[in-house]
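Undergrad: Structure in structure tokens, see below.
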Amino acid sequence: MNGRRLLNRRKTALSNMPHMEESIRGSLVIMNRFCGKPNCRCRKGQKHKSIYLSQSQRGKTRMIYIPQAAVEKTKEYIKNYLRAKGILNIISDINIKLLLTRR
């Protein structure tokens, strides 16, 4: 592939980048928990469902509670992060090819 086509592919990839200010790294996790109240329904087996954002930082898992009202926006931000990561991989591959063709 010639240099001009690679540059056009790189430009196209960059134009598809999501807004990075609307991105989050991590995964959503549903946790079923007991609340600790002695007469609560969770004591009878109906645990409370909570949604958390799971992130790995320096080898440790960090769980951040996500309120129900923010779940859809969080999903969107995670999707943007994954899309940006994929586009960066494409751009990296193109840049390697460009470096090798310009010797």
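Letters for chains follow the order of the structure tokens (A, B, ...), residue numbers begin at 1 for each chain, and ligand numbers begin at 1 in the order shown.
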Considering only alpha helix (DSSP H) as DSSP defines it on the backbone, what residues of stretch 2-101 of chain A qualify? List them as a count of residues only.

TA: 44

Undergrad: As a short mmCIF file (atom, residue, chain, number, x, y, z; two decimals) with all heavy atoms, in the first residue's frame, please: the residues near A:Arg10 (cut-off 8 Å, only C-alpha atoms, same-chain neighbours under 5 positions excluded).

TA:
data_model
loop_
_atom_site.label_atom_id
_atom_site.label_comp_id
_atom_site.auth_asym_id
_atom_site.auth_seq_id
_atom_site.Cartn_x
_atom_site.Cartn_y
_atom_site.Cartn_z
N ILE A 90 -5.61 0.80 15.03
CA ILE A 90 -5.56 0.93 13.57
C ILE A 90 -4.52 1.98 13.17
O ILE A 90 -3.70 1.76 12.28
CB ILE A 90 -6.96 1.29 13.01
CG1 ILE A 90 -7.90 0.10 13.16
CG2 ILE A 90 -6.87 1.74 11.55
CD1 ILE A 90 -9.36 0.43 12.91
N ILE A 91 -4.56 3.14 13.85
CA ILE A 91 -3.62 4.22 13.54
C ILE A 91 -2.18 3.77 13.81
O ILE A 91 -1.26 4.06 13.03
CB ILE A 91 -3.98 5.49 14.35
CG1 ILE A 91 -5.29 6.08 13.83
CG2 ILE A 91 -2.85 6.52 14.28
CD1 ILE A 91 -5.87 7.18 14.69
N ILE A 94 -1.06 1.61 10.94
CA ILE A 94 -0.80 2.45 9.77
C ILE A 94 0.53 3.18 9.93
O ILE A 94 1.34 3.24 8.99
CB ILE A 94 -1.96 3.45 9.54
CG1 ILE A 94 -3.23 2.71 9.11
CG2 ILE A 94 -1.58 4.51 8.52
CD1 ILE A 94 -4.49 3.56 9.11
#

Undergrad: Counting only C-alpha atoms, what is within 10 Å of stretch 3-5 of chain A, bar same-chain residues fewer than 3 positions away, as JSON, numbers by chain?

TA: {"A": [8, 9, 10, 11, 94, 97, 98, 99, 101, 102]}

Undergrad: Write the residues of the preceding selection, restricted to C-alpha atoms, as a CSV table (one decimal), in the first residue's frame.

TA:
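In the end it all went to selection.csv:
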chain,number,residue,atom,x,y,z
A,8,ASN,CA,-5.9,8.8,3.9
A,9,ARG,CA,-6.7,5.7,5.9
A,10,ARG,CA,-5.1,7.3,9.0
A,11,LYS,CA,-7.1,10.5,8.4
A,94,ILE,CA,-0.8,2.4,9.8
A,97,LYS,CA,3.6,0.8,7.8
A,98,LEU,CA,4.3,4.4,7.0
A,99,LEU,CA,7.6,4.3,8.9
A,101,THR,CA,7.8,2.5,3.6
A,102,ARG,CA,9.7,5.8,4.2

Undergrad: Counting only C-alpha atoms, which residues of stretch 58-91 of chain A sit at most 9 Å from some atom of stretch 27-37 of chain A, and what is each one's closest atom pair with its distance in Å to one decimal, listed by chain and rising residue number, as JSON lines?

TA:
{"residue": "A:Met63", "atom": "CA", "partner": "A:Val29", "partner_atom": "CA", "distance": 8.8}
{"residue": "A:Ile66", "atom": "CA", "partner": "A:Leu28", "partner_atom": "CA", "distance": 8.7}
{"residue": "A:Val71", "atom": "CA", "partner": "A:Leu28", "partner_atom": "CA", "distance": 8.6}
{"residue": "A:Thr74", "atom": "CA", "partner": "A:Leu28", "partner_atom": "CA", "distance": 8.2}
{"residue": "A:Lys75", "atom": "CA", "partner": "A:Leu28", "partner_atom": "CA", "distance": 7.6}
{"residue": "A:Ile78", "atom": "CA", "partner": "A:Ser27", "partner_atom": "CA", "distance": 7.2}

Undergrad: Excluding same-chain residues fewer than 4 positions from stretch 12-23 of chain A, what lies within 6 Å of it counting only C-alpha atoms, as JSON, numbers by chain?

TA: {"A": [77, 78, 80, 81, 84]}

Undergrad: Considering only C-alpha atoms, can you say which of A:Cys40, A:Ile24, A:Asn89, A:Glu72 comes closest to A:Ser54?

TA: A:Ile24

Undergrad: Could you name the residues that touch A:Ile64 at 9 Å or less, counting only C-alpha atoms, but leaving out those on the same chain fewer than 2 positions away, as a VMD selection string?

TA: chain A and resid 51 to 55 62 66
